[in-house]
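Peer 1: One structure, pasted below without further comment.
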Amino acid sequence: MPELPEVQAVVNHYKPVFLKQKIERISNPNSYSKVFATHTLPKLNKNVGGQLIKDVFRRGKYIVLQTEKGYLCIHLRMTGQLQEGLDSFVADKHCSFAIHLNTGKTIYFKDYRKFGRLYYYSTLDTLNAKLGVEPFSTEFSFVYVAGILKKSTGMIKPLLLNQKYIAGLGNIYVDEALWLAKIHPKKKSNSISKTKVKVLTRSIPDILKKAIDFNGTTIINFSYGNEVPGDFKQFLNVFGKEGSSCPRCNRPIKKMYVAQRGTHICPYCQRL
DNA sequence: GAAAGTGTTGAAAG
DNA sequence: TCTTTCAACACTTT
């Protein structure tokens with residue numbers, strides 16, 4: 001269930017596969033038509049059929065294939081995976097779409113929970129309108145983060161999960177970043193000290209960068225391509241570590257729920 | 001065997 | 001407008 005580093009790992013893996021290839025057509029092996037979020041399949045194929053893939057990149061948690069005319073955008077949601085091969089039984093059941101390239105090669109989108117979606121836009125305006133700043137961009141600064149926190153009276157964790165402020169963070173890396181900055185996830189956003197906001201601002205790109213270096217985190221079933229898992233799990237400090245000791249103070253990590261999301265904290269390091 | 005849990009998102013409800 | 005809740009779905013764990 002991929003966040004920014006996992007999506008980036010997928011992009012890094014598939015960019016050479018897609019780049020400078022022509023899309024022949026898109027198919028819908030398991031007939032789950034809801035996967036097509038912006039166009040019906042025939043209309044989608046009218047737009048992308050015969051189009052050259054000019055660039056492949058990530059925006060938030062979206063994988064973007066830039067063609068000559070527009071942008072084909074893939075969102076993996078919880079369980080989406082791209083694979084270069086798939087047996088027909090699995091394809092019939094779990095493959096919501098497949099991208100057939102002119103070379104005869106096919107890239108399959110396998111998604112057993114069917115939350116993943118495929119979008120097509122003529123410009124990136126729609127995505128840019130709903131996504132906030134990229135954590136690796138120059139706009140992502142102490143001033144920006146302090147600005148959005150100051151305006152919010154709600155809890156910090158749901159704010160960080162909200163893609164319209166910062167694009168790409170999800171449950172794992174929010175827990176990790178809050179632990180690094182010693183901030184309790186239920187702390188009111190506008191009540192966090194300047195010092196901690198500074199640490200948080202640095203911690204977010206730091207942790208994401210490290211996770212990308214290891215192709216992301218696989219907890220249950222993420223793979224960046226062809227069933228290969230990410231290797232960052234071993235470096236997590238709190239996520240999924242309930243009961244084990246805090247790497248900083250040795251006290252036990254606790255699991256709690258914040259905004260209906262499983263949340264891991266060190267109750268000593270992160271206090272309200 | 002039923003119920004709860006899972007890394008996401010956005011629509012609906014408050 | 002903002003924040004909180006819940007449904008979309010399938011599989012595993014309790």
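To be explicit about the labels: the chains of the structure tokens are called A, B, and onward in the order shown, and within each one the residues are counted from 1, while ligands get numbers from 1 in the order they are shown.
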When you look at region 8-13 of chain C with a cut-off of 12 Å (counting only C-alpha atoms (C1' of nucleotides)), what residues show up, excluding the ones that are within fewer than 6 positions of it in the same chain? I need them as a list of chain:residue names.

Peer 2: A:Tyr32, A:Lys34, A:Val35, A:Arg77, A:Met78, A:Thr79, A:Lys93, A:His94, A:Asp111, A:Tyr112, A:Arg113, A:Lys114, A:Phe115, A:Gly116, A:Arg117, A:Ile220, A:Asn221, B:DA3, B:DA4, B:DG5, B:DT6, B:DT8, B:DT9, B:DG10, B:DA11

Peer 1: Which of region 35-198 of chain A counts as strand (DSSP E) under DSSP, as number ranges by chain please?

Peer 2: A: 53-59, 62-67, 71-75, 80-83, 95-101, 106-111, 117-121

Peer 1: For CA of Asn12 (chain A) and CA of Asp92 (chain A), quote the distance in Å rounded to one decimal.

Peer 2: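 Straight-line distance from CA of Asn12 (chain A) to CA of Asp92 (chain A) works out to 27.3 Å.
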
Peer 1: Counting only C-alpha atoms (C1' of nucleotides), which residues of chain A sit at most 8 Å from some atom of chain B, and what is each one's closest atom pair with its distance in Å to one decimal, listed by chain and rising residue number, as CSV?

Peer 2:
```
residue,atom,partner,partner_atom,distance
A:Met1,CA,B:DG7,C1',4.0
A:Pro2,CA,B:DG7,C1',6.0
A:Glu3,CA,B:DG7,C1',7.3
A:Arg77,CA,B:DT8,C1',4.8
A:Met78,CA,B:DT8,C1',5.6
A:Gly170,CA,B:DG7,C1',7.3
A:Asn171,CA,B:DG7,C1',6.3
A:Ile172,CA,B:DG7,C1',6.6
A:Ile219,CA,B:DG7,C1',7.3
```

Peer 1: Take the residues that were just selected and, keeping all heavy atoms, output them as an mmCIF file, in the first residue's frame.

Peer 2:
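Output contents, as saved in selection.cif:
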```
data_model
loop_
_atom_site.group_PDB
_atom_site.id
_atom_site.type_symbol
_atom_site.label_atom_id
_atom_site.label_comp_id
_atom_site.auth_asym_id
_atom_site.auth_seq_id
_atom_site.Cartn_x
_atom_site.Cartn_y
_atom_site.Cartn_z
ATOM 1 N N MET A 1 0.854 -1.175 0.000
ATOM 2 C CA MET A 1 0.000 0.000 0.000
ATOM 3 C C MET A 1 0.888 1.222 0.000
ATOM 4 O O MET A 1 1.382 1.662 1.011
ATOM 5 C CB MET A 1 -0.911 -0.049 1.216
ATOM 6 C CG MET A 1 -1.734 -1.326 1.183
ATOM 7 S SD MET A 1 -2.301 -1.836 2.768
ATOM 8 C CE MET A 1 -2.498 -3.579 2.498
ATOM 9 N N PRO A 2 1.123 1.666 -1.174
ATOM 10 C CA PRO A 2 2.267 2.507 -1.462
ATOM 11 C C PRO A 2 2.096 3.987 -1.141
ATOM 12 O O PRO A 2 1.042 4.569 -1.379
ATOM 13 C CB PRO A 2 2.451 2.329 -2.978
ATOM 14 C CG PRO A 2 1.451 1.312 -3.400
ATOM 15 C CD PRO A 2 0.406 1.252 -2.361
ATOM 16 N N GLU A 3 3.149 4.531 -0.622
ATOM 17 C CA GLU A 3 3.266 5.970 -0.399
ATOM 18 C C GLU A 3 4.335 6.499 -1.354
ATOM 19 O O GLU A 3 4.766 5.768 -2.245
ATOM 20 C CB GLU A 3 3.653 6.239 1.059
ATOM 21 C CG GLU A 3 2.730 5.536 2.045
ATOM 22 C CD GLU A 3 3.118 5.764 3.500
ATOM 23 O OE1 GLU A 3 3.700 6.813 3.806
ATOM 24 O OE2 GLU A 3 2.861 4.877 4.320
ATOM 25 N N ARG A 77 -3.313 3.075 -5.046
ATOM 26 C CA ARG A 77 -4.111 2.982 -3.802
ATOM 27 C C ARG A 77 -3.503 1.957 -2.837
ATOM 28 O O ARG A 77 -2.367 2.072 -2.488
ATOM 29 C CB ARG A 77 -5.563 2.660 -4.115
ATOM 30 C CG ARG A 77 -6.281 3.788 -4.832
ATOM 31 C CD ARG A 77 -6.740 4.877 -3.896
ATOM 32 N NE ARG A 77 -7.554 5.832 -4.616
ATOM 33 C CZ ARG A 77 -8.886 5.889 -4.528
ATOM 34 N NH1 ARG A 77 -9.537 5.062 -3.752
ATOM 35 N NH2 ARG A 77 -9.558 6.786 -5.214
ATOM 36 N N MET A 78 -4.298 0.959 -2.424
ATOM 37 C CA MET A 78 -3.797 0.064 -1.379
ATOM 38 C C MET A 78 -2.955 -1.091 -1.913
ATOM 39 O O MET A 78 -1.937 -1.452 -1.333
ATOM 40 C CB MET A 78 -4.979 -0.526 -0.603
ATOM 41 C CG MET A 78 -5.815 0.497 0.114
ATOM 42 S SD MET A 78 -5.077 1.051 1.642
ATOM 43 C CE MET A 78 -5.888 -0.054 2.799
ATOM 44 N N GLY A 170 2.015 9.079 3.598
ATOM 45 C CA GLY A 170 0.970 8.149 4.009
ATOM 46 C C GLY A 170 1.238 7.698 5.434
ATOM 47 O O GLY A 170 2.062 8.291 6.150
ATOM 48 N N ASN A 171 0.557 6.653 5.834
ATOM 49 C CA ASN A 171 0.561 6.251 7.236
ATOM 50 C C ASN A 171 1.943 5.899 7.790
ATOM 51 O O ASN A 171 2.284 6.276 8.902
ATOM 52 C CB ASN A 171 -0.395 5.073 7.414
ATOM 53 C CG ASN A 171 -1.072 5.089 8.768
ATOM 54 O OD1 ASN A 171 -1.197 6.135 9.397
ATOM 55 N ND2 ASN A 171 -1.481 3.928 9.230
ATOM 56 N N ILE A 172 2.730 5.174 7.023
ATOM 57 C CA ILE A 172 4.047 4.750 7.522
ATOM 58 C C ILE A 172 4.953 5.950 7.777
ATOM 59 O O ILE A 172 5.480 6.137 8.875
ATOM 60 C CB ILE A 172 4.768 3.827 6.507
ATOM 61 C CG1 ILE A 172 3.993 2.530 6.304
ATOM 62 C CG2 ILE A 172 6.197 3.525 6.974
ATOM 63 C CD1 ILE A 172 4.628 1.609 5.268
ATOM 64 N N ILE A 219 5.218 -4.101 3.734
ATOM 65 C CA ILE A 219 4.669 -4.659 4.967
ATOM 66 C C ILE A 219 3.921 -5.939 4.622
ATOM 67 O O ILE A 219 4.186 -6.997 5.164
ATOM 68 C CB ILE A 219 3.715 -3.668 5.659
ATOM 69 C CG1 ILE A 219 4.424 -2.351 5.982
ATOM 70 C CG2 ILE A 219 3.106 -4.289 6.907
ATOM 71 C CD1 ILE A 219 5.460 -2.408 7.059
#
```

Peer 1: Tell me, which residues of region 9-215 of chain A carry DSSP helix (DSSP H, G or I), written as number ranges by chain?

Peer 2: A: 9-18, 33-35, 41-48, 88-94, 125-130, 142-150, 156-161, 171-180, 189-191, 194-213

Peer 1: With C-alpha atoms retained, write the just-selected residues as a PDB file, in the first residue's frame.

Peer 2:
```pdb
ATOM      1  CA  ALA A   9      10.426   2.896  -6.678  1.00  0.00           C
ATOM      2  CA  VAL A  10       7.800   1.751  -9.181  1.00  0.00           C
ATOM      3  CA  VAL A  11       8.560   4.735 -11.425  1.00  0.00           C
ATOM      4  CA  ASN A  12      12.301   4.080 -11.208  1.00  0.00           C
ATOM      5  CA  HIS A  13      11.735   0.463 -12.168  1.00  0.00           C
ATOM      6  CA  TYR A  14       9.282   1.068 -15.030  1.00  0.00           C
ATOM      7  CA  LYS A  15      10.585   4.288 -16.534  1.00  0.00           C
ATOM      8  CA  PRO A  16      13.030   2.454 -18.828  1.00  0.00           C
ATOM      9  CA  VAL A  17      10.289  -0.025 -19.736  1.00  0.00           C
ATOM     10  CA  PHE A  18       7.795   2.645 -20.841  1.00  0.00           C
ATOM     11  CA  SER A  33     -14.689  -0.997 -15.326  1.00  0.00           C
ATOM     12  CA  LYS A  34     -14.596   1.286 -12.269  1.00  0.00           C
ATOM     13  CA  VAL A  35     -10.806   1.269 -12.594  1.00  0.00           C
ATOM     14  CA  LEU A  41     -12.190   2.337 -21.987  1.00  0.00           C
ATOM     15  CA  PRO A  42     -13.052   3.079 -25.652  1.00  0.00           C
ATOM     16  CA  LYS A  43     -12.612   6.833 -25.093  1.00  0.00           C
ATOM     17  CA  LEU A  44      -9.392   6.223 -23.199  1.00  0.00           C
ATOM     18  CA  ASN A  45      -8.044   4.162 -26.067  1.00  0.00           C
ATOM     19  CA  LYS A  46      -8.980   6.921 -28.532  1.00  0.00           C
ATOM     20  CA  ASN A  47      -6.797   9.249 -26.491  1.00  0.00           C
ATOM     21  CA  VAL A  48      -3.782   7.033 -25.817  1.00  0.00           C
ATOM     22  CA  SER A  88      -4.161 -15.756 -17.096  1.00  0.00           C
ATOM     23  CA  PHE A  89      -6.001 -16.985 -13.994  1.00  0.00           C
ATOM     24  CA  VAL A  90      -4.664 -14.113 -11.894  1.00  0.00           C
ATOM     25  CA  ALA A  91      -5.228 -11.687 -14.759  1.00  0.00           C
ATOM     26  CA  ASP A  92      -8.902 -12.655 -15.111  1.00  0.00           C
ATOM     27  CA  LYS A  93      -9.453 -12.127 -11.405  1.00  0.00           C
ATOM     28  CA  HIS A  94      -7.147  -9.324 -10.277  1.00  0.00           C
ATOM     29  CA  ASP A 125      -3.981  20.975 -13.849  1.00  0.00           C
ATOM     30  CA  THR A 126      -6.440  18.592 -12.178  1.00  0.00           C
ATOM     31  CA  LEU A 127      -3.704  16.784 -10.276  1.00  0.00           C
ATOM     32  CA  ASN A 128      -1.932  19.977  -9.354  1.00  0.00           C
ATOM     33  CA  ALA A 129      -5.190  21.411  -8.041  1.00  0.00           C
ATOM     34  CA  LYS A 130      -5.677  18.609  -5.553  1.00  0.00           C
ATOM     35  CA  PHE A 142      10.012  25.585   7.033  1.00  0.00           C
ATOM     36  CA  VAL A 143       7.994  28.648   6.049  1.00  0.00           C
ATOM     37  CA  TYR A 144       5.545  26.525   4.029  1.00  0.00           C
ATOM     38  CA  VAL A 145       5.117  23.834   6.677  1.00  0.00           C
ATOM     39  CA  ALA A 146       4.823  26.351   9.517  1.00  0.00           C
ATOM     40  CA  GLY A 147       2.251  28.223   7.429  1.00  0.00           C
ATOM     41  CA  ILE A 148      -0.069  25.274   6.904  1.00  0.00           C
ATOM     42  CA  LEU A 149       0.273  24.108  10.520  1.00  0.00           C
ATOM     43  CA  LYS A 150      -0.528  27.527  11.892  1.00  0.00           C
ATOM     44  CA  ILE A 156      -1.154  17.032  13.069  1.00  0.00           C
ATOM     45  CA  LYS A 157      -1.340  13.457  11.764  1.00  0.00           C
ATOM     46  CA  PRO A 158      -4.472  13.803   9.611  1.00  0.00           C
ATOM     47  CA  LEU A 159      -3.094  17.092   8.296  1.00  0.00           C
ATOM     48  CA  LEU A 160       0.112  15.417   7.162  1.00  0.00           C
ATOM     49  CA  LEU A 161      -1.914  12.645   5.536  1.00  0.00           C
ATOM     50  CA  ASN A 171       0.561   6.251   7.236  1.00  0.00           C
ATOM     51  CA  ILE A 172       4.047   4.750   7.522  1.00  0.00           C
ATOM     52  CA  TYR A 173       6.128   7.818   6.839  1.00  0.00           C
ATOM     53  CA  VAL A 174       3.911  10.161   8.827  1.00  0.00           C
ATOM     54  CA  ASP A 175       4.414   7.964  11.899  1.00  0.00           C
ATOM     55  CA  GLU A 176       8.158   7.853  11.224  1.00  0.00           C
ATOM     56  CA  ALA A 177       8.481  11.607  10.631  1.00  0.00           C
ATOM     57  CA  LEU A 178       6.479  12.464  13.754  1.00  0.00           C
ATOM     58  CA  TRP A 179       8.673  10.163  15.806  1.00  0.00           C
ATOM     59  CA  LEU A 180      11.815  11.781  14.408  1.00  0.00           C
ATOM     60  CA  SER A 189      -1.194  21.545  14.426  1.00  0.00           C
ATOM     61  CA  ASN A 190      -1.135  25.182  15.453  1.00  0.00           C
ATOM     62  CA  SER A 191       0.349  24.439  18.867  1.00  0.00           C
ATOM     63  CA  LYS A 194       8.931  26.316  15.982  1.00  0.00           C
ATOM     64  CA  THR A 195      11.850  24.057  16.878  1.00  0.00           C
ATOM     65  CA  LYS A 196       9.807  20.904  16.334  1.00  0.00           C
ATOM     66  CA  VAL A 197       8.315  22.206  13.097  1.00  0.00           C
ATOM     67  CA  LYS A 198      11.882  22.776  11.889  1.00  0.00           C
ATOM     68  CA  VAL A 199      12.882  19.219  12.740  1.00  0.00           C
ATOM     69  CA  LEU A 200       9.701  17.895  11.113  1.00  0.00           C
ATOM     70  CA  THR A 201      10.381  19.877   7.929  1.00  0.00           C
ATOM     71  CA  ARG A 202      13.811  18.260   7.630  1.00  0.00           C
ATOM     72  CA  SER A 203      12.653  14.803   8.738  1.00  0.00           C
ATOM     73  CA  ILE A 204      10.023  14.417   6.023  1.00  0.00           C
ATOM     74  CA  PRO A 205      12.318  14.571   2.960  1.00  0.00           C
ATOM     75  CA  ASP A 206      15.064  12.786   4.894  1.00  0.00           C
ATOM     76  CA  ILE A 207      12.986   9.726   5.701  1.00  0.00           C
ATOM     77  CA  LEU A 208      11.402   9.638   2.231  1.00  0.00           C
ATOM     78  CA  LYS A 209      14.803   9.854   0.549  1.00  0.00           C
ATOM     79  CA  LYS A 210      16.195   6.998   2.645  1.00  0.00           C
ATOM     80  CA  ALA A 211      13.152   4.858   1.894  1.00  0.00           C
ATOM     81  CA  ILE A 212      13.530   5.485  -1.859  1.00  0.00           C
ATOM     82  CA  ASP A 213      17.153   4.345  -1.629  1.00  0.00           C
TER      83      ASP A 213
END
```

Peer 1: Neighbouring residues of Leu72 (chain A) were defined as those with any atom within 6 Å, considering only C-alpha atoms (C1' of nucleotides); residues of the same chain fewer than 5 positions away were excluded. Please report them as a PyMOL selection string.

Peer 2: chain A and resi 64-65+119-120

Peer 1: Take the selection from the previous step and output its residues with N, CA, C and O atoms, as a PDB file, in the first residue's frame.

Peer 2:
```
ATOM      1  N   VAL A  64       2.844   8.918 -13.472  1.00  0.00           N
ATOM      2  CA  VAL A  64       2.373   9.666 -14.634  1.00  0.00           C
ATOM      3  C   VAL A  64       3.143   9.236 -15.886  1.00  0.00           C
ATOM      4  O   VAL A  64       4.372   9.289 -15.914  1.00  0.00           O
ATOM      5  N   LEU A  65       2.392   8.783 -16.888  1.00  0.00           N
ATOM      6  CA  LEU A  65       2.980   8.499 -18.199  1.00  0.00           C
ATOM      7  C   LEU A  65       2.597   9.667 -19.104  1.00  0.00           C
ATOM      8  O   LEU A  65       1.417   9.855 -19.417  1.00  0.00           O
ATOM      9  N   TYR A 119      -6.311   7.217 -14.683  1.00  0.00           N
ATOM     10  CA  TYR A 119      -6.856   8.529 -15.055  1.00  0.00           C
ATOM     11  C   TYR A 119      -6.206   8.979 -16.356  1.00  0.00           C
ATOM     12  O   TYR A 119      -5.070   8.618 -16.641  1.00  0.00           O
ATOM     13  N   TYR A 120      -6.924   9.791 -17.105  1.00  0.00           N
ATOM     14  CA  TYR A 120      -6.291  10.416 -18.260  1.00  0.00           C
ATOM     15  C   TYR A 120      -6.660  11.900 -18.261  1.00  0.00           C
ATOM     16  O   TYR A 120      -7.832  12.265 -18.138  1.00  0.00           O
TER      17      TYR A 120
END
```
